[in-house]
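All remarks here apply to the structure that follows.
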Number of protein chains: 2
Amino acid sequence: MFEHAMSGSATNSGLKTSLRHVSAGGVRSESVRTANLSTLLQCLHFAGPATRSELVEETGLTRSSVAALVGELEEAGLVVEHAGSPDGSPGRPSPTVSANSSQNLVLAIEIAVDDLAVAIVGLGGKVLHRIRVDHPRDLSTIDETIADVAELVAKVRSATKNTPLLGVGVAIVGLVHRTTNTVVVAPNLRWNEVPLGNLIRDACSLSVPITVANDGNAGVLAESRRGAAVGQKNVIFLSGEVGVGGGIIVDGQVINGQGGFAGEIGHMPVNPEGLDCGCGARGCWETEIGEGALLRRTGRMADGGRAALNSVLDSAAAEDPNVLRALARQGEWIGIGLAGLINLFDPGMVVLGGTLRRVYPYVIDSVNEVVVGRRLSGREARMSIVASTVGEDASLLGAAELAFQSLLANPLTVHRA
Amino acid sequence: MFEHAMSGSATNSGLKTSLRHVSAGGVRSESVRTANLSTLLQCLHFAGPATRSELVEETGLTRSSVAALVGELEEAGLVVEHAGSPDGSPGRPSPTVSANSSQNLVLAIEIAVDDLAVAIVGLGGKVLHRIRVDHPRDLSTIDETIADVAELVAKVRSATKNTPLLGVGVAIVGLVHRTTNTVVVAPNLRWNEVPLGNLIRDACSLSVPITVANDGNAGVLAESRRGAAVGQKNVIFLSGEVGVGGGIIVDGQVINGQGGFAGEIGHMPVNPEGLDCGCGARGCWETEIGEGALLRRTGRMADGGRAALNSVLDSAAAEDPNVLRALARQGEWIGIGLAGLINLFDPGMVVLGGTLRRVYPYVIDSVNEVVVGRRLSGREARMSIVASTVGEDASLLGAAELAFQSLLANPLTVHRA
DNA sequence: AAGTTTTGTTGAAACCTAATACAAATATTT
DNA sequence: AAATATTTGTATTAGGTTTCAACAAAACTT
């Protein structure tokens, strides 16, 4: 289990850099311990509490090693042990080990088009406190938005007794340069070149590491670690909101690309004769499967927002034939783009999130029909298209996972504040 | 360097992933040695001979460890050492270590639409013997093709004194199921469900491991290890031949997807109102940028083959305005699809191979224009679109690298025959 | 010729997990 | 109720791997 956290294929050997002068590739014995601590902590974080014997079985390590490693994690305050109780089977009961979710907290922030959300999440994935508020686009400047975020952060932090944090994760509807935590462009927010990481750090007086990421990339992380795609190593996450975002998992890892811009699924060119897109190009997938397209097809105003969307869903529930037809058409376009992605990635699962989660029942048949027709691998590959199970908090929870990544990779070298 | 051997997420120690190749999860001390042997051998295989001190610097290991590890590799016959000679600088000369390319051979086979190629390649990438022959599609049955391959294999093997092989790599223009080495479908060859790996093994009486892969996936491997994309961690390889193939490297690794079907770049839907594609769908990218499209646009017969293509290139060289215009149009379509892929992967480099390598000078301007216009990350990301440098042997050399992968990952557990 | 610099070699020390033996805690059998 | 079997925790020893430190070897420099 948990290979997703570390990728690495059996016969691996990808090459990366060429010239001989970069960072060391050699491995020392100490690193073995780090790797094993990491494996154990990931087990507990992602799969929940486990007895020591279960950990032995899952990791393949010996009882002695697990005892020593768990002891070290406990000493560091990362896990807690509870005495085991008899369960009816013979043998000495094994104590239960759990992630210490009350003392290893991260801050998660989501900046969506018409929403802000903030949460404090404990190791193991326990959401200790969460706030989501409406925050309509165009009603706030960047500075105001940051101030609003800071206010929410203050609330959740005081609700959790200002317990020190391990890190901060931020998900935002925009293109993010990962090494600088900068939002290069967020069309729906009309942001350009916003150093979001630094702004949030200053506004909230944070001194722990901050990771900013695209909301789709955060969403797929949540979906793959705690949602519908748990256990899947190759996943496409398609999230239709005002814009169409997404995230892709290849061999257990979210793909970031060279600068962190990867995963912009909504701007694949699918219809050169199509509509103009907010990104400046024409005929992007987003123009055919975004919220606007659905509202247009059902005779609503394309910028009708949430109310219009609800009306569409109501009509669909009432089996309005025009609306159902429009949804089927929508599904065909979803299928066309998905088929291309499936031929590109050969995923084991496709997850539809955001608004697409709500329209799922009305579009899935036409989606499947188109996909099956265009898939090259035909029936060979088993692949399913499912609705998100994490739901509206996908990006928020993904942001939390981003903040945990460094701890999980290197459990014993952590700083909190 | 060579973190590629370990990939791993940004924050982790890098080690973990390399050690992680044992499925269990836990890492034992022996794996450290395997990982370090692998790192050293990859250094020598990909970057060529190096002195022991260079290896020390590259791996970060100590002189003692490198000495021991190199000694072990030498004992296994994988590397050879030559006494160092004074180079004008002070200090004791360091012996040079090189991959033993005369005794660690793999067999590479490429089955293209109108070509067969076979080569014997030594560790370090030295091509010891290579044959490429015309083999027009539709003139042979599957069995005949396999027999032709077997004949070529016998030739190259006897030319290399039937030295035992470490493995076999096969690249083919078709969709390959990796775990079974089966060609699910190869439209241009009209193959369906061909157990190619087994057929070749039997026809050539081979007893070493065989790896069959899609030609585009093999091509990108060659290009990234020994061609234009050396050192790049995120690469898109687009190879236009009769069909349009490709391969994608994410974080230093070729992406295979769930069953090995990933990388089918040519069948992205880019024009729903476009032409019917051989795959059964309509408006695939291949219908706009494949060889047929170019011939069509330049007034030739779409199935004119190599002769027609040469005539187009001649006209282009003679600056025939109609042909140049058609090529520019071709470039626009290449750009449209590439822009989508770039938004999806955020690569550091795009490599154009196959026929596209030859038309590169005539299309690159319009490609770039479209791509710049449609890229979301704008000027933020440095990304270049270049022509393949490996050339017509990309898939063949990639197949060889496939065959080396297992040895490189685990240098001391090899069987030859 | 003596000193400096770089590199190979060797043995001890440090780190990590596995293996083994034994103790503890529970269920089952007599 | 006592003995036995089963499972798990603990402690000790052994095996594997790397680093460290000291020394030797081979080159250049003064």
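Labeling convention for the structure tokens: chains A, B, ... as they appear, residues from 1 per chain, ligands from 1 in order of appearance.
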
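If we count only C-alpha atoms (C1' of nucleotides), these residues of chain B sit within 10 Å of chain C: Gly26, Val27, Arg28, Ser29, Glu30, Arg52, Ser53, Arg63, Ser64, Ala67, Ser89, Pro90, Gly91, Arg92, Pro93, Ser94 and Pro95 of chain B.
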
How about saving the chosen residues, N, CA, C and O atoms kept, as an mmCIF file, in the first residue's frame?
data_model
loop_
_atom_site.group_PDB
_atom_site.id
_atom_site.type_symbol
_atom_site.label_atom_id
_atom_site.label_comp_id
_atom_site.auth_asym_id
_atom_site.auth_seq_id
_atom_site.Cartn_x
_atom_site.Cartn_y
_atom_site.Cartn_z
ATOM 1 N N GLY B 26 8.558 -1.452 3.364
ATOM 2 C CA GLY B 26 9.700 -1.268 4.229
ATOM 3 C C GLY B 26 10.988 -1.376 3.448
ATOM 4 O O GLY B 26 11.062 -2.052 2.431
ATOM 5 N N VAL B 27 12.003 -0.699 3.924
ATOM 6 C CA VAL B 27 13.274 -0.683 3.228
ATOM 7 C C VAL B 27 14.329 -1.300 4.122
ATOM 8 O O VAL B 27 14.409 -0.994 5.293
ATOM 9 N N ARG B 28 15.118 -2.190 3.569
ATOM 10 C CA ARG B 28 16.185 -2.783 4.361
ATOM 11 C C ARG B 28 17.542 -2.274 3.899
ATOM 12 O O ARG B 28 17.646 -1.632 2.855
ATOM 13 N N SER B 29 18.560 -2.550 4.676
ATOM 14 C CA SER B 29 19.867 -1.958 4.380
ATOM 15 C C SER B 29 20.416 -2.419 3.041
ATOM 16 O O SER B 29 21.084 -1.656 2.344
ATOM 17 N N GLU B 30 20.161 -3.667 2.667
ATOM 18 C CA GLU B 30 20.706 -4.144 1.400
ATOM 19 C C GLU B 30 20.265 -3.278 0.232
ATOM 20 O O GLU B 30 20.995 -3.094 -0.735
ATOM 21 N N ARG B 52 36.941 7.734 -11.012
ATOM 22 C CA ARG B 52 36.351 7.421 -9.715
ATOM 23 C C ARG B 52 36.081 8.683 -8.915
ATOM 24 O O ARG B 52 35.070 8.792 -8.221
ATOM 25 N N SER B 53 36.966 9.663 -9.010
ATOM 26 C CA SER B 53 36.707 10.888 -8.233
ATOM 27 C C SER B 53 35.504 11.632 -8.779
ATOM 28 O O SER B 53 34.758 12.253 -8.012
ATOM 29 N N ARG B 63 34.901 8.098 -1.017
ATOM 30 C CA ARG B 63 35.847 7.363 -1.868
ATOM 31 C C ARG B 63 35.810 5.874 -1.571
ATOM 32 O O ARG B 63 35.831 5.038 -2.474
ATOM 33 N N SER B 64 35.694 5.560 -0.278
ATOM 34 C CA SER B 64 35.692 4.134 0.065
ATOM 35 C C SER B 64 34.493 3.420 -0.538
ATOM 36 O O SER B 64 34.615 2.328 -1.090
ATOM 37 N N ALA B 67 34.790 3.036 -4.260
ATOM 38 C CA ALA B 67 35.760 1.997 -4.593
ATOM 39 C C ALA B 67 35.123 0.615 -4.465
ATOM 40 O O ALA B 67 35.231 -0.231 -5.357
ATOM 41 N N SER B 89 47.368 18.262 -13.707
ATOM 42 C CA SER B 89 47.043 18.819 -12.400
ATOM 43 C C SER B 89 47.710 17.971 -11.327
ATOM 44 O O SER B 89 48.019 16.802 -11.552
ATOM 45 N N PRO B 90 47.899 18.565 -10.166
ATOM 46 C CA PRO B 90 48.550 17.793 -9.093
ATOM 47 C C PRO B 90 47.638 16.688 -8.586
ATOM 48 O O PRO B 90 46.457 16.662 -8.897
ATOM 49 N N GLY B 91 48.183 15.793 -7.840
ATOM 50 C CA GLY B 91 47.402 14.732 -7.240
ATOM 51 C C GLY B 91 47.504 13.432 -8.003
ATOM 52 O O GLY B 91 47.819 13.383 -9.186
ATOM 53 N N ARG B 92 47.207 12.393 -7.291
ATOM 54 C CA ARG B 92 47.271 11.058 -7.875
ATOM 55 C C ARG B 92 46.184 10.896 -8.935
ATOM 56 O O ARG B 92 45.030 11.233 -8.697
ATOM 57 N N PRO B 93 46.515 10.395 -10.099
ATOM 58 C CA PRO B 93 45.516 10.253 -11.168
ATOM 59 C C PRO B 93 44.453 9.236 -10.777
ATOM 60 O O PRO B 93 44.764 8.225 -10.159
ATOM 61 N N SER B 94 43.238 9.542 -11.154
ATOM 62 C CA SER B 94 42.115 8.676 -10.823
ATOM 63 C C SER B 94 41.804 7.767 -12.014
ATOM 64 O O SER B 94 41.758 8.230 -13.145
ATOM 65 N N PRO B 95 41.622 6.482 -11.735
ATOM 66 C CA PRO B 95 41.332 5.576 -12.851
ATOM 67 C C PRO B 95 39.979 5.890 -13.482
ATOM 68 O O PRO B 95 39.059 6.354 -12.812
#

12 Å contacts from chain D to chain A using only C-alpha atoms (C1' of nucleotides), as a PyMOL selection string: chain D and resi 5-12+16-19

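Proximity to range 140-151 of chain A at 10 Å, evaluated using only C-alpha atoms (C1' of nucleotides) and with sequence-adjacent residues fewer than 2 positions away removed, yields Ile109, Glu110, Ile111, Leu116, Ala117, Val118, Val133, His135, Pro136, Arg137, Asp138, Val153, Ala154, Lys155, Val156, Arg157, Leu189, Arg190, Trp191, Val194, Leu196, Leu199, Ile200, Arg201, Asp202, Ala203, Cys204 and Ser205 of chain A.
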
DSSP strand (DSSP E or B) selection over range 33-116 of chain A, as a list of chain:residue names: A:Ala50, A:Thr51, A:Val79, A:Val80, A:Glu81, A:His82, A:Thr96, A:Val97, A:Ser98, A:Ala99, A:Leu105, A:Val106, A:Leu107, A:Ala108, A:Ile109, A:Glu110, A:Ile111, A:Asp115, A:Leu116

Pick from B:Asn181, B:Thr34, B:Asn234, B:Asn162, whichever lies nearest to chain A using only C-alpha atoms: B:Asn234
